[in-house]
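Engineer: Following this message is one structure expressed as structure tokens.
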Amino acid sequence: MIDGETRRKQILHTLLNEEKPVSASNFAKRFGVSRQIIVGDIALLRAAGETVVATARGYILETSESTTGLVSKIAVQHGREQTEEELRLIVENGGEVLDVVVEHPLYGELTGMLHIQTEKDIHSFMKRYQKSNASLLSELTGGIHLHTIRYPGTITLKQIKQKLLEAGILYEG
């Protein structure tokens with residue numbers, strides 16, 4: 001078994017070279033350690049300044065290359081039956097859904113990382129959601145939530161908002 005420092009270097013190397021997220025379970029199997037050891041390794045990498053992001057599909061490393069474009073938050077409201085439509089409207093119109101944010105009365109702001117860029121990402125997220133029997137964060141707030149989205153330019157943002165408005169998803173208070 002390799003030592004922790006070597007394992008963390010290999011995790012970082014893998015994340016730098018992988019195009020898709022890598023799960024903690026995948027790393028655990030690869031290194032012959034528990035998933036919890038990997039979670040600890042990720043925490044140490046973050047503490048050392050690495051931009052490792054946990055998504056529903058696994059870990060990714062945010063690089064300057066992956067963070068180009070403009071970033072904004074948009075407010076939306078819908079039930080669980082429109083979740084896939086919402087994600088699809090954002091992605092089809094040139095956006096990437098970075099996260100979902102809700103305001104919880106006890107804990108304050110809760111954020112779930114998504115990093116949904118493609119139709120395949122949407123399908124994967126929806127499949128995991130349906131399999132998990134978990135609640136969406138938006139269910140804590142009557143469907144009202146924010147998404148941080150990345151997009152190439154202001155015209156794209158206007159188009160995304162227009163499509164969400166037409167679908168009755170954009171929150172207007």
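Each chain of the structure tokens is named A, B, ... in the order shown, its residues numbered from 1; ligands are numbered from 1 in display order.
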Quick one: residues within 8 Å of region 106-112 of chain A, only C-alpha atoms, excluding same-chain residues fewer than 4 positions away - as a ChimeraX atom specification?
Structural biologist: /A:55,99-102,137
Engineer: Only all heavy atoms, please: the residues just picked out, written as a PDB file, in the first residue's frame.
Structural biologist:
ATOM      1  N   THR A  55     -18.792  16.644  -7.153  1.00  0.00           N
ATOM      2  CA  THR A  55     -20.061  16.706  -7.876  1.00  0.00           C
ATOM      3  C   THR A  55     -20.819  15.422  -7.571  1.00  0.00           C
ATOM      4  O   THR A  55     -20.271  14.506  -6.948  1.00  0.00           O
ATOM      5  CB  THR A  55     -19.846  16.824  -9.398  1.00  0.00           C
ATOM      6  OG1 THR A  55     -19.393  15.562  -9.900  1.00  0.00           O
ATOM      7  CG2 THR A  55     -18.853  17.921  -9.760  1.00  0.00           C
ATOM      8  N   ASP A  99     -24.158  24.683  -9.795  1.00  0.00           N
ATOM      9  CA  ASP A  99     -24.652  24.233  -8.497  1.00  0.00           C
ATOM     10  C   ASP A  99     -26.121  24.569  -8.325  1.00  0.00           C
ATOM     11  O   ASP A  99     -26.737  25.190  -9.186  1.00  0.00           O
ATOM     12  CB  ASP A  99     -23.826  24.834  -7.354  1.00  0.00           C
ATOM     13  CG  ASP A  99     -23.905  26.361  -7.260  1.00  0.00           C
ATOM     14  OD1 ASP A  99     -24.908  26.958  -7.713  1.00  0.00           O
ATOM     15  OD2 ASP A  99     -22.973  26.966  -6.730  1.00  0.00           O
ATOM     16  N   VAL A 100     -26.659  24.135  -7.204  1.00  0.00           N
ATOM     17  CA  VAL A 100     -28.003  24.501  -6.769  1.00  0.00           C
ATOM     18  C   VAL A 100     -27.854  25.038  -5.344  1.00  0.00           C
ATOM     19  O   VAL A 100     -27.090  24.498  -4.542  1.00  0.00           O
ATOM     20  CB  VAL A 100     -28.980  23.309  -6.829  1.00  0.00           C
ATOM     21  CG1 VAL A 100     -28.508  22.129  -6.004  1.00  0.00           C
ATOM     22  CG2 VAL A 100     -30.384  23.731  -6.413  1.00  0.00           C
ATOM     23  N   VAL A 101     -28.560  26.134  -5.059  1.00  0.00           N
ATOM     24  CA  VAL A 101     -28.457  26.787  -3.746  1.00  0.00           C
ATOM     25  C   VAL A 101     -29.862  27.017  -3.211  1.00  0.00           C
ATOM     26  O   VAL A 101     -30.737  27.502  -3.933  1.00  0.00           O
ATOM     27  CB  VAL A 101     -27.730  28.154  -3.865  1.00  0.00           C
ATOM     28  CG1 VAL A 101     -27.599  28.817  -2.501  1.00  0.00           C
ATOM     29  CG2 VAL A 101     -26.369  28.001  -4.529  1.00  0.00           C
ATOM     30  N   VAL A 102     -30.083  26.658  -1.943  1.00  0.00           N
ATOM     31  CA  VAL A 102     -31.347  26.960  -1.269  1.00  0.00           C
ATOM     32  C   VAL A 102     -31.048  27.665   0.043  1.00  0.00           C
ATOM     33  O   VAL A 102     -29.967  27.523   0.608  1.00  0.00           O
ATOM     34  CB  VAL A 102     -32.212  25.695  -1.001  1.00  0.00           C
ATOM     35  CG1 VAL A 102     -32.619  25.029  -2.307  1.00  0.00           C
ATOM     36  CG2 VAL A 102     -31.503  24.714  -0.090  1.00  0.00           C
ATOM     37  N   LEU A 137     -32.805  19.402  -3.143  1.00  0.00           N
ATOM     38  CA  LEU A 137     -32.676  20.519  -2.213  1.00  0.00           C
ATOM     39  C   LEU A 137     -33.839  21.487  -2.356  1.00  0.00           C
ATOM     40  O   LEU A 137     -34.322  22.051  -1.370  1.00  0.00           O
ATOM     41  CB  LEU A 137     -31.352  21.263  -2.433  1.00  0.00           C
ATOM     42  CG  LEU A 137     -30.099  20.631  -1.851  1.00  0.00           C
ATOM     43  CD1 LEU A 137     -28.874  21.471  -2.192  1.00  0.00           C
ATOM     44  CD2 LEU A 137     -30.211  20.457  -0.349  1.00  0.00           C
TER      45      LEU A 137
END
Engineer: Write out as a list in words the set of residues from region 15-96 of chain A that DSSP, computed on the backbone, places in strand (DSSP E).
Structural biologist: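 Matching residues, listed in order: Val52, Val53, Ala54, Thr55, Gly58, Tyr59, Ile60, Leu61, Leu70, Val71, Ser72, Lys73, Ile74, Ala75, Val76, Gln77 and Glu96 of chain A.
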Engineer: Would you save the residues of that selection, restricted to N, CA and C atoms, as a PDB file, in the first residue's frame?
Structural biologist:
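Everything below was put into part10.pdb:
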ATOM      1  N   VAL A  52     -10.395  21.083  -5.832  1.00  0.00           N
ATOM      2  CA  VAL A  52     -11.105  19.831  -6.070  1.00  0.00           C
ATOM      3  C   VAL A  52     -12.568  20.067  -5.700  1.00  0.00           C
ATOM      4  N   VAL A  53     -13.437  19.774  -6.647  1.00  0.00           N
ATOM      5  CA  VAL A  53     -14.873  19.983  -6.456  1.00  0.00           C
ATOM      6  C   VAL A  53     -15.565  18.629  -6.458  1.00  0.00           C
ATOM      7  N   ALA A  54     -16.441  18.430  -5.474  1.00  0.00           N
ATOM      8  CA  ALA A  54     -17.233  17.204  -5.414  1.00  0.00           C
ATOM      9  C   ALA A  54     -18.537  17.445  -6.149  1.00  0.00           C
ATOM     10  N   THR A  55     -18.792  16.644  -7.153  1.00  0.00           N
ATOM     11  CA  THR A  55     -20.061  16.706  -7.876  1.00  0.00           C
ATOM     12  C   THR A  55     -20.819  15.422  -7.571  1.00  0.00           C
ATOM     13  N   GLY A  58     -18.811  12.555  -8.968  1.00  0.00           N
ATOM     14  CA  GLY A  58     -17.460  12.307  -8.499  1.00  0.00           C
ATOM     15  C   GLY A  58     -16.681  13.600  -8.412  1.00  0.00           C
ATOM     16  N   TYR A  59     -15.379  13.472  -8.235  1.00  0.00           N
ATOM     17  CA  TYR A  59     -14.513  14.637  -8.066  1.00  0.00           C
ATOM     18  C   TYR A  59     -13.982  15.137  -9.403  1.00  0.00           C
ATOM     19  N   ILE A  60     -13.868  16.451  -9.497  1.00  0.00           N
ATOM     20  CA  ILE A  60     -13.221  17.093 -10.637  1.00  0.00           C
ATOM     21  C   ILE A  60     -12.262  18.136 -10.102  1.00  0.00           C
ATOM     22  N   LEU A  61     -11.330  18.518 -10.928  1.00  0.00           N
ATOM     23  CA  LEU A  61     -10.390  19.572 -10.574  1.00  0.00           C
ATOM     24  C   LEU A  61     -10.715  20.774 -11.442  1.00  0.00           C
ATOM     25  N   LEU A  70     -18.627  33.661 -18.288  1.00  0.00           N
ATOM     26  CA  LEU A  70     -19.250  34.487 -17.262  1.00  0.00           C
ATOM     27  C   LEU A  70     -20.036  33.594 -16.312  1.00  0.00           C
ATOM     28  N   VAL A  71     -20.218  34.058 -15.083  1.00  0.00           N
ATOM     29  CA  VAL A  71     -20.939  33.284 -14.077  1.00  0.00           C
ATOM     30  C   VAL A  71     -21.995  34.183 -13.436  1.00  0.00           C
ATOM     31  N   SER A  72     -23.207  33.664 -13.329  1.00  0.00           N
ATOM     32  CA  SER A  72     -24.306  34.381 -12.673  1.00  0.00           C
ATOM     33  C   SER A  72     -25.168  33.396 -11.906  1.00  0.00           C
ATOM     34  N   LYS A  73     -25.946  33.939 -10.976  1.00  0.00           N
ATOM     35  CA  LYS A  73     -26.956  33.144 -10.288  1.00  0.00           C
ATOM     36  C   LYS A  73     -28.310  33.503 -10.879  1.00  0.00           C
ATOM     37  N   ILE A  74     -29.149  32.488 -11.064  1.00  0.00           N
ATOM     38  CA  ILE A  74     -30.514  32.730 -11.513  1.00  0.00           C
ATOM     39  C   ILE A  74     -31.466  32.087 -10.510  1.00  0.00           C
ATOM     40  N   ALA A  75     -32.595  32.753 -10.258  1.00  0.00           N
ATOM     41  CA  ALA A  75     -33.605  32.241  -9.337  1.00  0.00           C
ATOM     42  C   ALA A  75     -34.677  31.522 -10.140  1.00  0.00           C
ATOM     43  N   VAL A  76     -35.030  30.333  -9.694  1.00  0.00           N
ATOM     44  CA  VAL A  76     -36.021  29.513 -10.372  1.00  0.00           C
ATOM     45  C   VAL A  76     -36.961  28.882  -9.348  1.00  0.00           C
ATOM     46  N   GLN A  77     -38.114  28.431  -9.831  1.00  0.00           N
ATOM     47  CA  GLN A  77     -39.052  27.703  -8.971  1.00  0.00           C
ATOM     48  C   GLN A  77     -39.803  26.697  -9.824  1.00  0.00           C
ATOM     49  N   GLU A  96     -23.872  26.096 -18.411  1.00  0.00           N
ATOM     50  CA  GLU A  96     -23.457  24.978 -17.561  1.00  0.00           C
ATOM     51  C   GLU A  96     -24.023  25.243 -16.175  1.00  0.00           C
TER      52      GLU A  96
END
Engineer: Return as a Markdown table the residues of region 7-42 of chain A lying at most 12 Å from region 46-50 of chain A, together with the closest atom-to-atom pair for each and the distance in Å to one decimal, counting only C-alpha atoms, with rows in chain order and ascending residue number.
Structural biologist:
| residue | atom | partner | partner_atom | distance |
| --- | --- | --- | --- | --- |
| A:Arg8 | CA | A:Arg46 | CA | 10.8 |
| A:Lys9 | CA | A:Glu50 | CA | 11.2 |
| A:Ile11 | CA | A:Glu50 | CA | 11.3 |
| A:Leu12 | CA | A:Glu50 | CA | 8.5 |
| A:His13 | CA | A:Glu50 | CA | 11.7 |
| A:Leu15 | CA | A:Glu50 | CA | 10.8 |
| A:Leu16 | CA | A:Glu50 | CA | 10.9 |
| A:Val39 | CA | A:Arg46 | CA | 10.7 |
| A:Gly40 | CA | A:Arg46 | CA | 9.9 |
| A:Asp41 | CA | A:Arg46 | CA | 8.7 |
| A:Ile42 | CA | A:Arg46 | CA | 6.2 |
Engineer: Produce a file of the selected residues containing C-alpha atoms, as a compact mmCIF listing (two decimals), in the first residue's frame.
Structural biologist:
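Below is the file that was written, out_11.txt:
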# COMPACT_ATOMS: atom_id res chain seq x y z
CA ARG A 8 -2.77 12.30 -2.90
CA LYS A 9 -0.27 13.14 -5.67
CA ILE A 11 -5.28 11.48 -7.08
CA LEU A 12 -4.33 14.98 -8.20
CA HIS A 13 -2.57 13.63 -11.30
CA LEU A 15 -7.99 14.55 -11.76
CA LEU A 16 -5.73 16.72 -13.92
CA VAL A 39 -12.63 11.66 1.35
CA GLY A 40 -9.91 12.58 3.85
CA ASP A 41 -7.31 12.81 1.06
CA ILE A 42 -9.60 15.17 -0.86
Engineer: Tell me which protein, DNA and RNA residues are within 12 Å of region 115-130 of chain A, counting only C-alpha atoms, leaving out same-chain ones fewer than 2 positions away, and put them as number ranges by chain.
Structural biologist: A: 20-21, 53-62, 66-67, 80-100, 112-113, 132-137, 147-151
Engineer: Mind checking which residues fall within 9 Å of Ser25 (chain A), counting only C-alpha atoms, ignoring those fewer than 6 positions away in the same chain, and posting them as a PyMOL selection string?
Structural biologist: chain A and resi 34-35+38+58
Engineer: If you count only C-alpha atoms, which residues fall within 9 Å of Lys161 (chain A), apart from same-chain ones fewer than 4 positions away, as a list in words?
Structural biologist: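 Here the answer would be Ile74, Ile90, Thr156, Leu157, Leu165, Glu166 and Leu170 of chain A.
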Engineer: I need the residues in chain A that are helix (DSSP H, G or I) according to DSSP; give them as JSON, numbers by chain.
Structural biologist: {"A": [4, 5, 6, 7, 8, 9, 10, 11, 12, 13, 14, 15, 16, 17, 24, 25, 26, 27, 28, 29, 30, 31, 35, 36, 37, 38, 39, 40, 41, 42, 43, 44, 45, 46, 47, 64, 65, 66, 67, 80, 81, 82, 83, 84, 85, 86, 87, 88, 89, 90, 91, 92, 119, 120, 121, 122, 123, 124, 125, 126, 127, 128, 129, 130, 131, 132, 137, 138, 139, 140, 141, 154, 155, 156, 157, 158, 159, 160, 161, 162, 163, 164, 165, 166]}
Engineer: What does the distance between CA of Gly79 (chain A) and CA of Ile144 (chain A) come to in Å, to one decimal place?
Structural biologist: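 These two atoms are separated by 9.0 Å.
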